[in-house]
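For reference, structure-v8.tsv (TSV, C-alpha atoms):
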```
chain	number	residue	atom	x	y	z
G	58	MET	CA	-29.39	27.48	34.64
G	59	ALA	CA	-28.09	25.40	31.78
G	60	ARG	CA	-29.29	26.38	28.34
G	61	ARG	CA	-31.41	23.74	26.68
G	62	ILE	CA	-30.32	22.78	23.15
G	63	SER	CA	-33.12	21.77	20.82
G	64	ALA	CA	-33.18	18.38	19.15
G	65	PRO	CA	-33.43	19.90	15.63
G	66	PHE	CA	-30.28	21.97	16.32
G	67	VAL	CA	-28.37	18.85	17.40
G	68	ALA	CA	-29.60	16.98	14.35
G	69	THR	CA	-28.42	19.82	12.10
G	70	ILE	CA	-24.95	19.82	13.66
G	71	LEU	CA	-24.64	16.06	13.26
G	72	LEU	CA	-25.77	16.27	9.63
G	73	VAL	CA	-23.18	18.96	8.88
G	74	ALA	CA	-20.47	16.87	10.53
G	75	PHE	CA	-21.57	13.83	8.54
G	76	CYS	CA	-21.39	15.75	5.25
G	77	LEU	CA	-18.04	17.32	6.04
G	78	CYS	CA	-16.69	13.85	6.57
G	79	GLY	CA	-17.80	12.71	3.12
G	80	GLY	CA	-20.79	10.82	4.44
G	81	ARG	CA	-18.84	9.11	7.26
G	82	PRO	CA	-19.48	9.87	10.92
G	83	LEU	CA	-16.72	11.98	12.50
G	84	VAL	CA	-16.39	9.60	15.45
G	85	ALA	CA	-15.85	6.58	13.21
G	86	GLN	CA	-13.26	8.44	11.14
G	87	SER	CA	-11.41	9.56	14.27
G	88	GLN	CA	-11.39	6.03	15.66
G	89	VAL	CA	-10.01	4.40	12.52
G	90	ASP	CA	-7.36	7.11	12.32
G	91	SER	CA	-6.19	6.15	15.80
G	92	LEU	CA	-5.87	2.53	14.64
G	93	LEU	CA	-3.93	3.31	11.47
G	94	ASP	CA	-1.78	6.28	12.44
G	95	GLY	CA	0.76	4.00	14.12
G	96	SER	CA	1.02	6.14	17.24
G	97	SER	CA	0.56	3.14	19.54
G	98	LEU	CA	0.50	-0.65	19.40
G	99	GLN	CA	-3.15	-1.71	19.36
G	100	ASP	CA	-4.80	-5.00	20.31
G	101	LEU	CA	-7.10	-6.57	17.72
G	102	TRP	CA	-9.27	-9.66	18.21
G	103	VAL	CA	-10.52	-11.87	15.39
G	104	HIS	CA	-13.08	-14.35	16.71
G	105	VAL	CA	-13.15	-17.41	14.45
G	106	ASN	CA	-14.62	-20.87	14.92
G	107	ALA	CA	-11.86	-23.27	16.04
G	108	ARG	CA	-12.36	-25.57	13.07
G	109	ASP	CA	-12.29	-22.64	10.64
G	110	TRP	CA	-9.13	-21.30	12.25
G	111	GLU	CA	-7.47	-24.67	11.76
G	112	ASP	CA	-8.64	-24.81	8.13
G	113	LEU	CA	-7.19	-21.35	7.46
G	114	HIS	CA	-3.78	-22.71	8.40
G	115	THR	CA	-4.13	-26.15	6.82
G	116	HIS	CA	-5.50	-24.88	3.50
G	117	PHE	CA	-3.51	-21.66	3.39
G	118	GLN	CA	-3.18	-21.82	-0.42
G	119	ASP	CA	-6.95	-21.46	-0.81
G	120	ASN	CA	-8.85	-18.18	-0.96
G	121	THR	CA	-11.82	-19.55	0.98
G	122	TYR	CA	-13.55	-17.01	3.21
G	123	TYR	CA	-14.74	-17.89	6.71
G	124	PRO	CA	-17.07	-15.93	9.00
G	125	ALA	CA	-15.43	-13.97	11.80
G	126	ASP	CA	-16.17	-11.24	14.32
G	127	VAL	CA	-13.61	-8.45	14.59
G	128	GLU	CA	-13.21	-6.63	17.89
G	129	TRP	CA	-11.23	-3.50	18.69
G	130	GLN	CA	-11.44	-1.12	21.64
G	131	GLY	CA	-14.65	-2.66	22.86
G	132	THR	CA	-16.49	-2.52	19.53
G	133	ARG	CA	-17.31	-5.81	17.83
G	134	VAL	CA	-18.17	-6.02	14.13
G	135	ARG	CA	-20.04	-9.25	13.52
G	136	ASN	CA	-20.25	-11.42	10.40
G	137	ALA	CA	-17.09	-10.14	8.74
G	138	ALA	CA	-15.13	-12.47	6.47
G	139	ILE	CA	-11.53	-13.67	6.73
G	140	ARG	CA	-9.27	-15.49	4.28
G	141	VAL	CA	-5.57	-16.13	3.81
G	142	ARG	CA	-3.82	-13.72	1.42
G	143	GLY	CA	-0.44	-13.32	-0.26
G	144	VAL	CA	1.52	-14.92	-3.07
G	145	ALA	CA	5.11	-15.96	-2.30
G	146	SER	CA	4.55	-15.22	1.38
G	147	ARG	CA	1.72	-17.74	1.87
G	148	ASN	CA	2.38	-20.20	4.64
G	149	GLY	CA	0.57	-22.24	7.24
G	150	HIS	CA	2.72	-21.21	10.21
G	151	LYS	CA	1.89	-17.52	10.42
G	152	PRO	CA	-0.32	-16.66	7.45
G	153	SER	CA	-1.39	-13.19	6.41
G	154	PHE	CA	-5.12	-12.46	6.23
G	155	ARG	CA	-7.67	-10.29	4.48
G	156	LEU	CA	-10.65	-9.02	6.46
G	157	ASP	CA	-13.70	-8.14	4.35
G	158	PHE	CA	-16.40	-6.38	6.35
G	159	ASN	CA	-19.20	-6.26	3.78
G	160	ARG	CA	-18.88	-9.66	2.14
G	161	TYR	CA	-21.71	-11.15	4.21
G	162	VAL	CA	-23.44	-7.93	5.33
G	163	THR	CA	-24.00	-5.46	2.50
G	164	GLY	CA	-22.71	-2.00	3.34
G	165	GLN	CA	-21.10	-3.02	6.64
G	166	THR	CA	-17.80	-1.30	7.42
G	167	PHE	CA	-15.20	-1.28	10.16
G	168	PHE	CA	-15.31	2.35	11.27
G	169	GLY	CA	-15.75	3.37	7.63
G	170	LEU	CA	-13.31	0.86	6.15
G	171	ASP	CA	-14.49	-1.81	3.73
G	172	ALA	CA	-11.49	-4.10	4.29
G	173	LEU	CA	-8.17	-4.50	6.09
G	174	THR	CA	-5.09	-6.61	5.53
G	175	LEU	CA	-3.27	-8.34	8.37
G	176	ASP	CA	0.30	-8.89	7.20
G	177	SER	CA	2.49	-11.38	9.06
G	178	SER	CA	5.62	-9.77	7.50
G	179	TRP	CA	6.74	-13.23	6.45
G	180	GLN	CA	9.42	-11.82	4.16
G	181	ASP	CA	10.49	-8.91	6.34
G	182	PRO	CA	12.34	-9.68	9.60
G	183	SER	CA	12.06	-6.04	10.71
G	184	MET	CA	8.27	-5.95	10.14
G	185	ILE	CA	8.42	-2.20	9.40
G	186	THR	CA	9.70	-1.68	5.83
G	187	ASN	CA	6.24	-1.49	4.28
G	188	ARG	CA	5.05	0.98	6.90
G	189	LEU	CA	8.11	3.22	6.45
G	190	SER	CA	7.76	3.17	2.66
G	191	MET	CA	4.06	4.03	2.73
G	192	ALA	CA	4.68	6.82	5.25
G	193	LEU	CA	7.29	8.29	2.90
G	194	PHE	CA	4.89	8.18	-0.05
G	195	ARG	CA	2.24	10.02	1.94
G	196	ARG	CA	4.77	12.53	3.29
G	197	LEU	CA	5.53	13.46	-0.31
G	198	GLY	CA	1.87	13.74	-1.31
G	199	ILE	CA	1.37	10.36	-2.99
G	200	PRO	CA	-1.85	8.60	-1.90
G	201	ALA	CA	-0.78	5.35	-0.21
G	202	PRO	CA	-2.34	2.96	2.30
G	203	ARG	CA	-1.81	3.59	5.99
G	204	VAL	CA	0.02	0.86	7.89
G	205	ALA	CA	0.26	0.27	11.65
G	206	HIS	CA	0.99	-2.64	13.97
G	207	VAL	CA	-1.28	-4.68	16.20
G	208	ARG	CA	-1.05	-7.52	18.65
G	209	LEU	CA	-3.40	-10.02	17.07
G	210	PHE	CA	-5.53	-12.36	19.16
G	211	ALA	CA	-7.46	-14.92	17.14
G	212	GLY	CA	-9.34	-18.19	17.10
G	213	ALA	CA	-12.01	-19.38	19.46
G	214	GLY	CA	-9.56	-19.29	22.39
G	215	ARG	CA	-8.42	-15.70	21.76
G	216	GLU	CA	-4.85	-16.92	21.42
G	217	TYR	CA	-2.07	-14.37	20.97
G	218	VAL	CA	-0.85	-15.09	17.45
G	219	GLY	CA	1.78	-12.41	17.19
G	220	VAL	CA	2.56	-8.98	15.80
G	221	TYR	CA	0.86	-8.15	12.52
G	222	ALA	CA	0.97	-5.10	10.29
G	223	VAL	CA	-2.58	-3.89	9.75
G	224	THR	CA	-2.90	-2.23	6.35
G	225	GLU	CA	-5.65	-0.13	4.86
G	226	GLU	CA	-6.74	-1.88	1.67
G	227	VAL	CA	-7.08	-0.07	-1.64
G	228	VAL	CA	-10.85	-0.40	-1.89
G	229	PRO	CA	-13.72	2.11	-2.29
G	230	SER	CA	-13.29	3.46	1.25
G	231	PHE	CA	-9.64	4.27	0.43
G	232	LEU	CA	-10.73	6.01	-2.78
G	233	ARG	CA	-13.31	8.11	-0.94
G	234	THR	CA	-10.77	9.21	1.65
G	235	ASN	CA	-8.02	10.09	-0.81
G	236	PHE	CA	-9.88	11.20	-3.95
G	237	GLY	CA	-13.35	12.13	-2.78
G	238	GLU	CA	-14.88	9.57	-5.14
G	239	ASP	CA	-15.18	5.82	-5.49
G	240	ASN	CA	-17.02	5.45	-8.79
G	241	GLY	CA	-13.96	5.28	-11.03
G	242	TYR	CA	-12.24	2.12	-12.23
G	243	LEU	CA	-9.90	0.42	-9.77
G	244	TYR	CA	-7.61	-2.49	-10.72
G	245	GLU	CA	-5.12	-4.57	-8.78
G	246	PHE	CA	-2.04	-5.45	-10.79
G	247	ASN	CA	-1.14	-9.15	-10.80
G	248	HIS	CA	2.44	-10.12	-11.44
G	249	LEU	CA	2.46	-13.26	-13.59
G	250	ALA	CA	5.03	-16.00	-13.02
G	251	ASN	CA	8.24	-15.57	-15.04
G	252	ASP	CA	6.87	-12.34	-16.53
G	253	THR	CA	9.07	-9.24	-16.67
G	254	TRP	CA	6.39	-7.01	-18.19
G	255	GLY	CA	7.05	-3.32	-17.75
G	256	PHE	CA	4.30	-1.62	-19.76
G	257	GLN	CA	5.52	-3.01	-23.08
G	258	ASP	CA	2.86	-2.93	-25.81
G	259	LEU	CA	0.92	-6.21	-25.65
G	260	GLY	CA	-0.80	-5.74	-29.00
G	261	PRO	CA	-4.48	-5.19	-29.78
G	262	ARG	CA	-5.88	-8.26	-27.98
G	263	LEU	CA	-7.51	-7.29	-24.70
G	264	GLY	CA	-7.00	-10.82	-23.39
G	265	SER	CA	-3.36	-9.98	-22.65
G	266	TYR	CA	-4.49	-7.45	-20.05
G	267	VAL	CA	-7.15	-9.52	-18.32
G	268	PRO	CA	-4.84	-11.69	-16.16
G	269	ARG	CA	-2.64	-8.70	-15.28
G	270	PHE	CA	-5.34	-6.29	-14.08
G	271	SER	CA	-8.10	-7.52	-11.78
G	272	PRO	CA	-11.04	-5.10	-11.58
G	273	LYS	CA	-12.00	-4.16	-8.03
G	274	THR	CA	-14.86	-1.92	-9.10
G	275	HIS	CA	-17.23	-2.22	-12.08
G	276	ASP	CA	-16.24	-5.89	-12.24
G	277	THR	CA	-19.45	-6.90	-14.00
G	278	GLU	CA	-18.81	-4.68	-17.01
G	279	SER	CA	-17.69	-6.07	-20.35
G	280	VAL	CA	-14.09	-6.89	-21.17
G	281	ALA	CA	-14.08	-4.06	-23.68
G	282	GLN	CA	-15.29	-1.48	-21.16
G	283	LEU	CA	-12.79	-2.64	-18.56
G	284	TYR	CA	-9.66	-3.14	-20.61
G	285	MET	CA	-9.74	-0.92	-23.69
G	286	PRO	CA	-8.72	2.13	-21.62
G	287	ILE	CA	-5.78	0.21	-20.12
G	288	ARG	CA	-4.70	-0.93	-23.59
G	289	ASP	CA	-4.95	2.68	-24.79
G	290	LEU	CA	-2.80	3.90	-21.90
G	291	VAL	CA	-0.13	1.28	-22.58
G	292	GLU	CA	-0.14	2.11	-26.29
G	293	ARG	CA	0.29	5.79	-25.51
G	294	ILE	CA	3.23	5.03	-23.21
G	295	ASN	CA	4.90	3.06	-25.99
G	296	ASP	CA	4.03	5.52	-28.80
G	297	ALA	CA	4.90	8.68	-26.86
G	298	PRO	CA	7.97	10.43	-28.29
G	299	GLN	CA	10.76	10.36	-25.75
G	300	SER	CA	11.39	14.07	-26.31
G	301	ASP	CA	7.80	15.09	-25.49
G	302	LEU	CA	6.07	12.56	-23.28
G	303	GLU	CA	3.45	15.07	-22.10
G	304	SER	CA	1.98	15.48	-25.57
G	305	ARG	CA	0.94	11.84	-25.72
G	306	LEU	CA	0.24	11.19	-22.03
G	307	SER	CA	-1.62	14.39	-21.21
G	308	GLY	CA	-4.92	13.52	-19.62
G	309	TYR	CA	-3.95	9.87	-19.27
G	310	LEU	CA	-1.10	9.80	-16.75
G	311	ASP	CA	0.45	12.55	-14.65
G	312	LEU	CA	4.12	12.35	-15.57
G	313	ASP	CA	5.49	14.22	-12.55
G	314	THR	CA	3.59	11.97	-10.13
G	315	PHE	CA	4.98	8.88	-11.88
G	316	ILE	CA	8.51	10.34	-11.70
G	317	LEU	CA	8.13	11.02	-7.98
G	318	GLU	CA	6.90	7.47	-7.34
G	319	LEU	CA	9.94	6.13	-9.20
G	320	ALA	CA	12.25	8.36	-7.17
G	321	ILE	CA	10.76	7.25	-3.85
G	322	GLN	CA	11.04	3.56	-4.70
G	323	ASN	CA	14.61	3.83	-5.95
G	324	PHE	CA	15.57	5.95	-2.95
G	325	VAL	CA	14.50	3.19	-0.55
G	326	MET	CA	15.80	0.50	-2.96
G	327	GLN	CA	12.43	-1.15	-3.41
G	328	THR	CA	13.39	-4.17	-5.50
G	329	ASP	CA	9.84	-5.33	-6.26
G	330	GLY	CA	8.10	-2.20	-7.49
G	331	LEU	CA	7.70	-0.17	-10.66
G	332	VAL	CA	11.25	-0.96	-11.77
G	333	GLY	CA	11.91	-4.05	-9.67
G	334	GLY	CA	14.03	-7.01	-10.52
G	335	VAL	CA	11.06	-9.07	-11.72
G	336	GLY	CA	9.37	-6.42	-13.84
G	337	THR	CA	6.70	-3.94	-12.82
G	338	ASN	CA	4.90	-5.05	-9.66
G	339	ASN	CA	2.97	-4.08	-6.53
G	340	PHE	CA	0.56	-1.34	-7.49
G	341	TYR	CA	-3.09	-0.58	-8.07
G	342	LEU	CA	-4.29	1.44	-11.05
G	343	TYR	CA	-7.15	3.87	-10.56
G	344	ARG	CA	-8.85	5.63	-13.48
G	345	PHE	CA	-10.88	8.59	-12.31
G	346	ALA	CA	-14.61	8.65	-12.97
G	347	GLY	CA	-15.53	10.14	-16.32
G	348	LYS	CA	-11.88	10.68	-17.28
G	349	ASN	CA	-9.01	8.95	-19.05
G	350	LEU	CA	-6.61	9.99	-16.28
G	351	SER	CA	-5.10	7.12	-14.28
G	352	LEU	CA	-2.93	7.02	-11.16
G	353	LEU	CA	-0.68	4.25	-9.86
G	354	ILE	CA	-1.19	3.56	-6.15
G	355	PRO	CA	1.71	1.80	-4.38
G	356	TRP	CA	1.09	-1.50	-2.59
G	357	ASP	CA	3.21	-3.97	-0.57
G	358	GLN	CA	6.50	-2.12	-0.43
G	359	GLY	CA	8.10	-4.64	1.92
G	360	ASN	CA	11.20	-5.31	-0.21
G	361	ALA	CA	12.85	-2.01	0.65
G	362	PHE	CA	15.74	-0.71	2.77
G	363	GLY	CA	17.67	-3.91	2.18
G	364	TRP	CA	20.83	-2.76	0.41
G	365	PHE	CA	22.33	-0.01	-1.68
G	366	ASP	CA	26.15	0.03	-1.32
G	367	ASP	CA	27.30	1.95	-4.40
G	368	VAL	CA	24.31	1.06	-6.57
G	369	PRO	CA	23.02	4.32	-8.10
G	370	PRO	CA	19.37	5.26	-7.51
G	371	TRP	CA	18.55	4.69	-11.17
G	372	TRP	CA	19.85	1.14	-11.17
G	373	ASN	CA	17.01	-0.50	-13.10
G	374	MET	CA	15.20	2.22	-15.04
G	375	ASP	CA	15.32	0.18	-18.24
G	376	ALA	CA	12.97	-2.40	-16.67
G	377	ASN	CA	9.97	-0.19	-17.47
G	378	VAL	CA	9.18	1.41	-20.83
G	379	LEU	CA	8.15	4.76	-19.39
G	380	ALA	CA	10.97	4.83	-16.83
G	381	SER	CA	13.46	4.13	-19.60
G	382	LYS	CA	12.17	7.03	-21.70
G	383	ILE	CA	12.34	9.33	-18.69
G	384	TRP	CA	15.93	8.36	-17.93
G	385	ASN	CA	17.14	8.58	-21.51
G	386	GLU	CA	15.70	12.06	-22.20
G	387	PRO	CA	17.82	14.80	-20.54
G	388	LYS	CA	14.93	17.08	-19.52
G	389	TYR	CA	12.99	14.25	-17.90
G	390	ARG	CA	16.12	12.82	-16.34
G	391	ALA	CA	16.65	16.22	-14.74
G	392	ARG	CA	13.13	16.04	-13.27
G	393	TYR	CA	13.84	12.57	-11.92
G	394	LEU	CA	17.12	13.67	-10.32
G	395	ALA	CA	15.36	16.68	-8.78
G	396	ALA	CA	12.73	14.32	-7.36
G	397	LEU	CA	15.48	12.16	-5.83
G	398	LEU	CA	16.97	15.20	-4.12
G	399	ARG	CA	13.53	16.20	-2.88
G	400	VAL	CA	13.08	12.76	-1.33
G	401	ALA	CA	16.53	13.00	0.28
G	402	ASP	CA	15.63	16.36	1.82
G	403	VAL	CA	12.33	15.08	3.22
G	404	VAL	CA	13.96	11.97	4.70
G	405	SER	CA	16.78	13.89	6.38
G	406	ALA	CA	14.76	16.92	7.54
G	407	ASP	CA	14.80	16.74	11.35
G	408	ASP	CA	15.73	13.05	10.96
G	409	TRP	CA	12.02	12.43	10.32
G	410	LEU	CA	12.24	8.95	8.80
G	411	LEU	CA	14.92	7.81	11.23
G	412	GLY	CA	12.65	8.87	14.07
G	413	GLU	CA	9.81	6.84	12.56
G	414	ALA	CA	12.03	3.75	12.30
G	415	GLN	CA	13.27	4.08	15.87
G	416	ARG	CA	9.77	4.61	17.24
G	417	ASP	CA	8.40	1.62	15.33
G	418	TYR	CA	11.19	-0.56	16.67
G	419	GLN	CA	10.56	0.44	20.27
G	420	GLN	CA	6.81	0.08	19.81
G	421	ILE	CA	6.80	-3.53	18.60
G	422	ARG	CA	9.98	-4.96	20.17
G	423	GLU	CA	8.44	-6.39	23.35
G	424	ALA	CA	5.48	-7.88	21.46
G	425	VAL	CA	7.80	-9.45	18.87
G	426	TYR	CA	9.85	-11.08	21.63
G	427	ALA	CA	6.60	-12.60	22.96
G	428	ASP	CA	5.52	-13.78	19.49
G	429	ALA	CA	5.72	-17.58	19.47
G	430	PHE	CA	4.92	-17.62	15.74
G	431	ALA	CA	7.59	-15.15	14.62
G	432	PRO	CA	9.09	-16.50	11.36
G	433	TYR	CA	12.58	-15.17	12.10
G	434	PRO	CA	15.00	-15.51	15.01
G	435	LEU	CA	15.12	-12.47	17.28
G	436	SER	CA	18.76	-11.87	16.35
G	437	GLN	CA	17.67	-11.31	12.74
G	438	PHE	CA	14.95	-8.92	13.88
G	439	GLU	CA	17.54	-6.86	15.76
G	440	GLN	CA	20.06	-6.96	12.91
G	441	MET	CA	17.48	-5.83	10.36
G	442	HIS	CA	16.45	-2.86	12.48
G	443	ALA	CA	20.04	-1.80	12.94
G	444	SER	CA	20.55	-2.11	9.18
G	445	ILE	CA	17.45	-0.04	8.36
G	446	GLN	CA	18.46	2.74	10.71
G	447	GLN	CA	21.94	2.83	9.20
G	448	PHE	CA	20.39	2.87	5.72
G	449	ILE	CA	18.24	5.89	6.60
G	450	ARG	CA	21.20	7.75	8.10
G	451	ALA	CA	23.43	7.17	5.07
G	452	ARG	CA	21.05	7.15	2.12
G	453	PRO	CA	20.33	10.90	1.70
G	454	ASP	CA	23.99	11.84	1.31
G	455	ASN	CA	24.61	8.73	-0.78
G	456	VAL	CA	21.88	9.80	-3.22
G	457	ARG	CA	23.13	13.39	-3.29
G	458	GLN	CA	26.63	12.16	-4.16
G	459	HIS	CA	25.31	9.99	-6.98
G	460	VAL	CA	23.32	12.89	-8.42
G	461	ALA	CA	26.32	15.22	-8.12
G	462	SER	CA	28.49	12.71	-9.95
G	463	LEU	CA	26.40	13.26	-13.08
G	464	GLY	CA	27.27	16.95	-13.12
G	465	GLN	CA	23.67	18.04	-13.55
```

Now that the file is in, can you turn its structure into structure tokens?
Amino acid sequence: MARRISAPFVATILLVAFCLCGGRPLVAQSQVDSLLDGSSLQDLWVHVNARDWEDLHTHFQDNTYYPADVEWQGTRVRNAAIRVRGVASRNGHKPSFRLDFNRYVTGQTFFGLDALTLDSSWQDPSMITNRLSMALFRRLGIPAPRVAHVRLFAGAGREYVGVYAVTEEVVPSFLRTNFGEDNGYLYEFNHLANDTWGFQDLGPRLGSYVPRFSPKTHDTESVAQLYMPIRDLVERINDAPQSDLESRLSGYLDLDTFILELAIQNFVMQTDGLVGGVGTNNFYLYRFAGKNLSLLIPWDQGNAFGWFDDVPPWWNMDANVLASKIWNEPKYRARYLAALLRVADVVSADDWLLGEAQRDYQQIREAVYADAFAPYPLSQFEQMHASIQQFIRARPDNVRQHVASLGQ
């Protein structure tokens, strides 16, 4: 005879599971993990009114939101919001999108996620460089968004609109998952046109920081509350003695984490990051609740794996005030070089990253060939994948040789 389990006992077990998951149901967390872990190519449907779908393409420069239902694995989230996103990559042929699940329905999530990005990979013929970069960050312990691929079906007619990279947005749900809190101060960094800013001191006026850092939490607070801590951080970076950066930055920025982020980006030759060719770019800044301590969270690492030849993995350290101080002080340079070697070891261990690149290629290849909206010819897709795989094979030893050449 089967033993009967009491309803209070079941309720207790469910409550414990809910609490262990940080207030998110275990089932929902498991489901979203299966979407974002990249283990398989998923199908995602975005149901949008035909006229709205046309407007999204016609007025792709606008940030207008439209209502949409989002469906995945038989579950349909109604009254979400969709808009076109991106800066240089905006286009009306195959635009990228932002899905906001609680814009119209307060508190609504998509299996615990507040928002997702659907990236058309307009500037990346391989469609995988952002995913590989983010996977490398996470492999080395840096909190970074998860990225996977989907076949996207959209519009009123459920038309197949191609392969998209679905990316976990840096929003409160990301903060809860990675930091166990979401009540700190989160900012998205905005790169301004023709601006090569790299944490140079902007002076006492807070107005210089407002266009560069968009608050994603606490956005109704005063300019002083939002931006004085950022100004203080930048001043400390500039005032910190090169010989003892910790003394000035302690409690404000973890120096070793920043060094590791630099090493990862220069290892993969990310040309639009912390020390990119156009100044500092593509990151979020999160200041922990009740603290001065901030962390830089990487975002949009699609300009990676493109080239390296004989360019050393410290090619542009002078583009950022803090990076420059690190490179020009022997003891911090030694830490940076050690971080580079650590990245090289992780990448080459059991050919981990090469295996990720090969699996991603095989996973999306058939769907890319069926993508009528692909922005690149298939020959370029194939060439880019071959180039990335060769990059991953050669880069660890290339970095080791560069480090050895310094005799440190």

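A straight line drawn from atom CA of G:Gln437 to atom CA of G:Trp110 is 28.6 Å long.
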
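Atom CA of G:Asn295 is positioned 10.1 Å from atom CA of G:Leu259.
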
> Looking at all atoms listed in the file, which of G:Glu238, G:Asp428, G:Asp100, G:Asp94 is the one that sits closest to G:Arg344?
Replying inline: G:Glu238

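Considering only C-alpha atoms, the residue among G:Gly212, G:Phe362, G:Leu189, G:Gly169 positioned nearest to G:Tyr123 is G:Gly212.
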
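Closest approach to G:Asp402 from the set G:Val456, G:Ala346, G:Ala414, G:Ala125 is made by G:Val456, with distances taken over all atoms listed in the file.
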
>> Set the distance at 12 Å and use all atoms listed in the file: which residues neighbour G:His114 once local chain neighbours fewer than 4 positions away are removed? I'd like the list as an NGL selection string.
In response: :G and (107-110 or 118-121 or 140-142 or 147-154 or 212)

Generate the output file for the selected residues, C-alpha atoms, as a PDB file, keeping the file's coordinate frame.
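This went into again-v5.pdb:
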```pdb
ATOM      1  CA  ALA G 107     -11.860 -23.270  16.040  1.00  0.00           C
ATOM      2  CA  ARG G 108     -12.360 -25.570  13.070  1.00  0.00           C
ATOM      3  CA  ASP G 109     -12.290 -22.640  10.640  1.00  0.00           C
ATOM      4  CA  TRP G 110      -9.130 -21.300  12.250  1.00  0.00           C
ATOM      5  CA  GLN G 118      -3.180 -21.820  -0.420  1.00  0.00           C
ATOM      6  CA  ASP G 119      -6.950 -21.460  -0.810  1.00  0.00           C
ATOM      7  CA  ASN G 120      -8.850 -18.180  -0.960  1.00  0.00           C
ATOM      8  CA  THR G 121     -11.820 -19.550   0.980  1.00  0.00           C
ATOM      9  CA  ARG G 140      -9.270 -15.490   4.280  1.00  0.00           C
ATOM     10  CA  VAL G 141      -5.570 -16.130   3.810  1.00  0.00           C
ATOM     11  CA  ARG G 142      -3.820 -13.720   1.420  1.00  0.00           C
ATOM     12  CA  ARG G 147       1.720 -17.740   1.870  1.00  0.00           C
ATOM     13  CA  ASN G 148       2.380 -20.200   4.640  1.00  0.00           C
ATOM     14  CA  GLY G 149       0.570 -22.240   7.240  1.00  0.00           C
ATOM     15  CA  HIS G 150       2.720 -21.210  10.210  1.00  0.00           C
ATOM     16  CA  LYS G 151       1.890 -17.520  10.420  1.00  0.00           C
ATOM     17  CA  PRO G 152      -0.320 -16.660   7.450  1.00  0.00           C
ATOM     18  CA  SER G 153      -1.390 -13.190   6.410  1.00  0.00           C
ATOM     19  CA  PHE G 154      -5.120 -12.460   6.230  1.00  0.00           C
ATOM     20  CA  GLY G 212      -9.340 -18.190  17.100  1.00  0.00           C
TER      21      GLY G 212
END
```

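You will find atom CA of G:Ser300 at 14.0 Å from atom CA of G:Val378.
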
>> I'd like the neighbourhood of G:Arg203 as a PyMOL selection string, where a residue qualifies if any of its atoms comes within 6 Å (using all atoms listed in the file), though same-chain residues fewer than 5 positions away should be ignored.
In response: chain G and resi 93+224-225

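Between G:Arg188 and the candidates G:Val204, G:Leu317, G:Leu397, G:Leu379, the tightest atom-to-atom separation, counting all atoms listed in the file, involves G:Val204.
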
>> Need the shell around stretch 384-394 of chain G: protein/DNA/RNA residues with any atom at most 12 Å away, counting all atoms listed in the file. Skip same-chain ones fewer than 2 positions apart. Format as a PyMOL selection string?
In response: chain G and resi 298-303+312-324+369-382+396-401+456-465

Please write the residues from the selection above to a file, keeping C-alpha atoms, as a compact mmCIF listing (two decimals), in the frame of the given file.
```txt
# COMPACT_ATOMS: atom_id res chain seq x y z
CA PRO G 298 7.97 10.43 -28.29
CA GLN G 299 10.76 10.36 -25.75
CA SER G 300 11.39 14.07 -26.31
CA ASP G 301 7.80 15.09 -25.49
CA LEU G 302 6.07 12.56 -23.28
CA GLU G 303 3.45 15.07 -22.10
CA LEU G 312 4.12 12.35 -15.57
CA ASP G 313 5.49 14.22 -12.55
CA THR G 314 3.59 11.97 -10.13
CA PHE G 315 4.98 8.88 -11.88
CA ILE G 316 8.51 10.34 -11.70
CA LEU G 317 8.13 11.02 -7.98
CA GLU G 318 6.90 7.47 -7.34
CA LEU G 319 9.94 6.13 -9.20
CA ALA G 320 12.25 8.36 -7.17
CA ILE G 321 10.76 7.25 -3.85
CA GLN G 322 11.04 3.56 -4.70
CA ASN G 323 14.61 3.83 -5.95
CA PHE G 324 15.57 5.95 -2.95
CA PRO G 369 23.02 4.32 -8.10
CA PRO G 370 19.37 5.26 -7.51
CA TRP G 371 18.55 4.69 -11.17
CA TRP G 372 19.85 1.14 -11.17
CA ASN G 373 17.01 -0.50 -13.10
CA MET G 374 15.20 2.22 -15.04
CA ASP G 375 15.32 0.18 -18.24
CA ALA G 376 12.97 -2.40 -16.67
CA ASN G 377 9.97 -0.19 -17.47
CA VAL G 378 9.18 1.41 -20.83
CA LEU G 379 8.15 4.76 -19.39
CA ALA G 380 10.97 4.83 -16.83
CA SER G 381 13.46 4.13 -19.60
CA LYS G 382 12.17 7.03 -21.70
CA ALA G 396 12.73 14.32 -7.36
CA LEU G 397 15.48 12.16 -5.83
CA LEU G 398 16.97 15.20 -4.12
CA ARG G 399 13.53 16.20 -2.88
CA VAL G 400 13.08 12.76 -1.33
CA ALA G 401 16.53 13.00 0.28
CA VAL G 456 21.88 9.80 -3.22
CA ARG G 457 23.13 13.39 -3.29
CA GLN G 458 26.63 12.16 -4.16
CA HIS G 459 25.31 9.99 -6.98
CA VAL G 460 23.32 12.89 -8.42
CA ALA G 461 26.32 15.22 -8.12
CA SER G 462 28.49 12.71 -9.95
CA LEU G 463 26.40 13.26 -13.08
CA GLY G 464 27.27 16.95 -13.12
CA GLN G 465 23.67 18.04 -13.55
```

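Among G:Tyr426, G:Arg160, G:Leu113, G:Thr337, the residue with the shortest atom-to-atom distance to G:Asn251, counting all atoms listed in the file, is G:Thr337.
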
> Near G:Tyr221, within 12 Å and counting only C-alpha atoms, which residues show up once chain neighbours fewer than 3 positions away are dropped, as an MDAnalysis selection string?
Replying inline: chainID G and resid 98:102 151:155 173:179 181:185 187:188 204:211 217:218 224 421 424:425 428 430:432
